[in-house]
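Structure, as structure tokens:
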Amino acid sequence: MSSMATITPCLWFDGNGLEAAEFYVSLFPDSQIDGVSPGPDGPMMISFTLMSRPYQALNGGPQFTFTEAVSLVVPCDGQAEVDHYWDALTEGGEEGRCGWLKDRFGLSWQVVPNQLGEVLGDPDPERAGRAVEAMMGMSKLDLAAMRAAAAGVSE
């Protein structure tokens with residue numbers, strides 16, 4: 001068996017990997033740039049840490065782009081954190097549905113309140129169904145609106 005410390009995601013960028021890594025580490029706590037390896041046309045490989053987890057950015061060129069098949073999940077303690085990360089990550093990017101977005105680099109994220117499972121997993125199937133229906137109509141998740149929908153209260 002190998003003595004690997006951890007599996008590290010490597011994100012492929014078209015020349016703007018350092019810019020992306022610098023943006024991400026400025027946004028999340030316990031984050032930093034760990035190292036930059038030079039390439040023939042500038043930084044080639046950037047090692048960085050986001051919220052104590054290692055990542056790499058590779059400036060590999062235009063051959064590959066991000067898709068929604070891979071996304072990073074941002075667990076949030078309440079609506080204020082959802083709003084903060086949503087606003088920062090959608091700036092220059094695009095909003096998706098149900099808490100999904102693409103940042104200005106094309107990387108997909110899910111900005112999710114930690115309480116989402118509690119609201120969607122309500123033991124009353126009618127309440128849970130109303131919360132899910134409300135969520136399906138949202139871009140940024142609004143916990144209060146989902147709770148209101150679960151309770152049968154229209155806003």
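FYI, nothing fancy with the structure tokens labels: chains A, B, ... in order, residues from 1 per chain, ligands from 1 as they appear.
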>> Based on the backbone DSSP call, show me all residues of range 30-154 of chain A assigned helix (DSSP H, G or I), as number ranges by chain.
In response: A: 79-90, 116-120, 125-136, 143-151
File of the preceding selection, C-alpha atoms, as a CSV table (one decimal), in the first residue's frame:
```
chain,number,residue,atom,x,y,z
A,79,GLN,CA,-27.6,32.7,4.9
A,80,ALA,CA,-25.0,35.4,5.5
A,81,GLU,CA,-22.2,33.0,4.5
A,82,VAL,CA,-24.3,31.8,1.5
A,83,ASP,CA,-24.7,35.4,0.4
A,84,HIS,CA,-21.0,36.2,0.9
A,85,TYR,CA,-19.6,33.3,-1.1
A,86,TRP,CA,-22.4,33.5,-3.8
A,87,ASP,CA,-21.7,37.1,-4.4
A,88,ALA,CA,-18.0,36.7,-4.6
A,89,LEU,CA,-18.0,33.6,-6.8
A,90,THR,CA,-20.6,34.8,-9.2
A,116,LEU,CA,-30.2,22.3,3.7
A,117,GLY,CA,-30.4,18.6,4.6
A,118,GLU,CA,-32.6,19.4,7.6
A,119,VAL,CA,-35.0,21.4,5.5
A,120,LEU,CA,-35.2,19.0,2.5
A,125,PRO,CA,-43.1,14.3,2.9
A,126,GLU,CA,-45.4,17.2,2.0
A,127,ARG,CA,-43.3,19.7,3.9
A,128,ALA,CA,-40.1,18.3,2.3
A,129,GLY,CA,-41.8,18.3,-1.1
A,130,ARG,CA,-42.7,22.0,-0.8
A,131,ALA,CA,-39.1,22.8,0.2
A,132,VAL,CA,-37.7,20.9,-2.7
A,133,GLU,CA,-40.1,22.6,-5.1
A,134,ALA,CA,-39.0,26.0,-3.8
A,135,MET,CA,-35.4,25.1,-4.1
A,136,MET,CA,-35.8,24.1,-7.7
A,143,LEU,CA,-33.0,29.1,3.5
A,144,ALA,CA,-35.8,31.2,4.9
A,145,ALA,CA,-37.8,30.9,1.7
A,146,MET,CA,-37.3,27.2,1.7
A,147,ARG,CA,-38.4,27.0,5.3
A,148,ALA,CA,-41.4,29.2,4.6
A,149,ALA,CA,-42.4,27.0,1.6
A,150,ALA,CA,-42.1,23.8,3.8
A,151,ALA,CA,-44.4,25.5,6.3
```
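Residues in contact with Asp14 in chain A at 10 Å, where only C-alpha atoms are counted and same-chain residues fewer than 2 positions away are skipped, are listed as Trp12, Asn16, Gly17, Leu58, Asn59, Gly60, Gly61, Pro62, Gln63, Phe64, Thr65 and Phe105 of chain A.
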Can I get the selection written as an mmCIF file, in the first residue's frame, with C-alpha atoms?
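The result, stored in out39.cif:
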```cif
data_model
loop_
_atom_site.group_PDB
_atom_site.id
_atom_site.type_symbol
_atom_site.label_atom_id
_atom_site.label_comp_id
_atom_site.auth_asym_id
_atom_site.auth_seq_id
_atom_site.Cartn_x
_atom_site.Cartn_y
_atom_site.Cartn_z
ATOM 1 C CA TRP A 12 -6.698 22.755 -15.611
ATOM 2 C CA ASN A 16 -4.862 32.025 -15.567
ATOM 3 C CA GLY A 17 -4.275 29.367 -12.894
ATOM 4 C CA LEU A 58 -2.119 23.649 -14.043
ATOM 5 C CA ASN A 59 -1.788 26.223 -16.795
ATOM 6 C CA GLY A 60 -2.268 23.608 -19.484
ATOM 7 C CA GLY A 61 -3.752 25.651 -22.310
ATOM 8 C CA PRO A 62 -7.117 25.860 -24.074
ATOM 9 C CA GLN A 63 -7.531 22.139 -24.870
ATOM 10 C CA PHE A 64 -9.724 21.354 -21.849
ATOM 11 C CA THR A 65 -12.387 23.390 -20.067
ATOM 12 C CA PHE A 105 -12.750 31.062 -14.526
#
```
> CA of Gly99 in chain A to CA of Phe23 in chain A: how many Å, to one decimal?
Replying inline: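 One can read the CA of Gly99 in chain A to CA of Phe23 in chain A distance as 20.1 Å.
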>> With DSSP run on the backbone, what are the strand (DSSP E or B) residues within chain A? I'd like them as a ChimeraX atom specification.
In response: /A:10-13,32-39,42-50,53-59,71-76,94-95,100-102,108-113
Residues just named, written with N, CA and C atoms as a CSV table (one decimal), in the first residue's frame:
```csv
chain,number,residue,atom,x,y,z
A,10,CYS,N,-6.4,18.4,-9.3
A,10,CYS,CA,-5.6,19.3,-10.2
A,10,CYS,C,-6.6,19.9,-11.1
A,11,LEU,N,-6.6,21.3,-11.1
A,11,LEU,CA,-7.6,22.0,-12.0
A,11,LEU,C,-6.8,22.6,-13.2
A,12,TRP,N,-7.3,22.3,-14.3
A,12,TRP,CA,-6.7,22.8,-15.6
A,12,TRP,C,-7.2,24.1,-16.0
A,13,PHE,N,-6.3,25.1,-16.2
A,13,PHE,CA,-6.6,26.4,-16.6
A,13,PHE,C,-5.9,26.8,-17.9
A,32,GLN,N,-4.0,29.3,1.3
A,32,GLN,CA,-2.7,30.0,0.9
A,32,GLN,C,-2.2,29.4,-0.4
A,33,ILE,N,-1.3,30.2,-1.0
A,33,ILE,CA,-0.5,29.7,-2.1
A,33,ILE,C,0.7,28.9,-1.5
A,34,ASP,N,0.9,27.7,-1.9
A,34,ASP,CA,2.0,26.9,-1.3
A,34,ASP,C,3.2,26.9,-2.2
A,35,GLY,N,3.1,27.1,-3.5
A,35,GLY,CA,4.2,27.1,-4.4
A,35,GLY,C,3.8,27.3,-5.8
A,36,VAL,N,4.8,27.8,-6.6
A,36,VAL,CA,4.5,28.1,-8.0
A,36,VAL,C,5.7,27.6,-8.7
A,37,SER,N,5.5,26.7,-9.7
A,37,SER,CA,6.5,26.1,-10.5
A,37,SER,C,6.5,26.8,-11.9
A,38,PRO,N,7.7,27.3,-12.3
A,38,PRO,CA,7.7,28.0,-13.6
A,38,PRO,C,7.5,27.1,-14.8
A,39,GLY,N,7.0,27.7,-15.9
A,39,GLY,CA,6.9,27.0,-17.1
A,39,GLY,C,7.6,27.9,-18.2
A,42,GLY,N,5.5,31.4,-18.2
A,42,GLY,CA,5.0,31.9,-16.9
A,42,GLY,C,4.7,30.7,-16.0
A,43,PRO,N,3.9,31.0,-14.9
A,43,PRO,CA,3.7,29.9,-14.0
A,43,PRO,C,3.0,28.7,-14.7
A,44,MET,N,3.5,27.5,-14.4
A,44,MET,CA,3.0,26.3,-15.0
A,44,MET,C,2.1,25.5,-14.0
A,45,MET,N,2.6,25.3,-12.8
A,45,MET,CA,1.9,24.5,-11.8
A,45,MET,C,1.8,25.4,-10.5
A,46,ILE,N,0.6,25.5,-9.9
A,46,ILE,CA,0.5,26.3,-8.7
A,46,ILE,C,-0.1,25.4,-7.7
A,47,SER,N,0.6,25.2,-6.6
A,47,SER,CA,0.0,24.4,-5.4
A,47,SER,C,-0.6,25.4,-4.5
A,48,PHE,N,-1.8,25.1,-4.0
A,48,PHE,CA,-2.4,26.0,-3.1
A,48,PHE,C,-3.3,25.2,-2.1
A,49,THR,N,-3.7,25.8,-1.1
A,49,THR,CA,-4.5,25.2,0.0
A,49,THR,C,-5.8,26.0,0.1
A,50,LEU,N,-7.0,25.3,0.1
A,50,LEU,CA,-8.3,26.0,0.3
A,50,LEU,C,-8.9,25.3,1.6
A,53,ARG,N,-7.3,22.2,2.6
A,53,ARG,CA,-7.3,21.1,1.7
A,53,ARG,C,-6.4,21.5,0.5
A,54,PRO,N,-5.5,20.5,0.1
A,54,PRO,CA,-4.6,20.9,-1.0
A,54,PRO,C,-5.2,20.8,-2.4
A,55,TYR,N,-4.8,21.7,-3.3
A,55,TYR,CA,-5.2,21.7,-4.7
A,55,TYR,C,-4.0,22.1,-5.5
A,56,GLN,N,-4.1,21.8,-6.8
A,56,GLN,CA,-3.1,22.3,-7.8
A,56,GLN,C,-3.9,22.9,-9.0
A,57,ALA,N,-3.2,23.9,-9.5
A,57,ALA,CA,-3.7,24.6,-10.7
A,57,ALA,C,-2.7,24.4,-11.8
A,58,LEU,N,-3.0,23.9,-12.9
A,58,LEU,CA,-2.1,23.6,-14.0
A,58,LEU,C,-2.5,24.6,-15.2
A,59,ASN,N,-1.6,25.4,-15.6
A,59,ASN,CA,-1.8,26.2,-16.8
A,59,ASN,C,-1.5,25.4,-18.0
A,71,SER,N,-17.7,19.8,-9.5
A,71,SER,CA,-17.9,21.1,-8.8
A,71,SER,C,-17.3,21.0,-7.4
A,72,LEU,N,-17.1,22.2,-6.8
A,72,LEU,CA,-16.6,22.3,-5.5
A,72,LEU,C,-17.8,22.8,-4.6
A,73,VAL,N,-18.0,22.1,-3.5
A,73,VAL,CA,-19.1,22.4,-2.6
A,73,VAL,C,-18.6,23.3,-1.5
A,74,VAL,N,-19.3,24.4,-1.2
A,74,VAL,CA,-18.9,25.4,-0.2
A,74,VAL,C,-20.0,25.2,0.9
A,75,PRO,N,-19.7,24.5,2.0
A,75,PRO,CA,-20.7,24.4,3.1
A,75,PRO,C,-20.7,25.7,3.9
A,76,CYS,N,-21.9,26.3,4.1
A,76,CYS,CA,-22.0,27.6,4.7
A,76,CYS,C,-22.8,27.5,6.0
A,94,GLU,N,-21.4,33.1,-13.7
A,94,GLU,CA,-22.8,33.0,-14.0
A,94,GLU,C,-23.5,32.1,-13.0
A,95,GLU,N,-24.7,32.6,-12.7
A,95,GLU,CA,-25.6,31.8,-11.8
A,95,GLU,C,-26.2,30.6,-12.4
A,100,TRP,N,-26.0,26.2,-7.6
A,100,TRP,CA,-24.8,26.0,-8.4
A,100,TRP,C,-24.5,27.3,-9.1
A,101,LEU,N,-23.2,27.5,-9.4
A,101,LEU,CA,-22.8,28.6,-10.2
A,101,LEU,C,-21.4,28.3,-10.9
A,102,LYS,N,-21.1,29.1,-11.8
A,102,LYS,CA,-19.7,29.0,-12.4
A,102,LYS,C,-19.0,30.4,-12.1
A,108,SER,N,-17.2,25.2,-11.6
A,108,SER,CA,-18.5,25.1,-11.0
A,108,SER,C,-18.4,24.9,-9.5
A,109,TRP,N,-19.3,25.6,-8.8
A,109,TRP,CA,-19.3,25.6,-7.3
A,109,TRP,C,-20.8,25.3,-6.9
A,110,GLN,N,-20.9,24.7,-5.7
A,110,GLN,CA,-22.2,24.7,-5.1
A,110,GLN,C,-22.1,25.4,-3.8
A,111,VAL,N,-22.9,26.4,-3.6
A,111,VAL,CA,-22.9,27.2,-2.3
A,111,VAL,C,-24.1,26.8,-1.5
A,112,VAL,N,-23.9,26.0,-0.4
A,112,VAL,CA,-25.0,25.3,0.2
A,112,VAL,C,-25.0,25.6,1.7
A,113,PRO,N,-26.1,26.0,2.3
A,113,PRO,CA,-26.2,26.1,3.7
A,113,PRO,C,-26.2,24.8,4.4
```
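Minimum atom-to-atom distance to Tyr24 in chain A, evaluated using only C-alpha atoms, belongs to A:Met51 out of A:Cys98, A:Val70, A:Met51, A:Val153.
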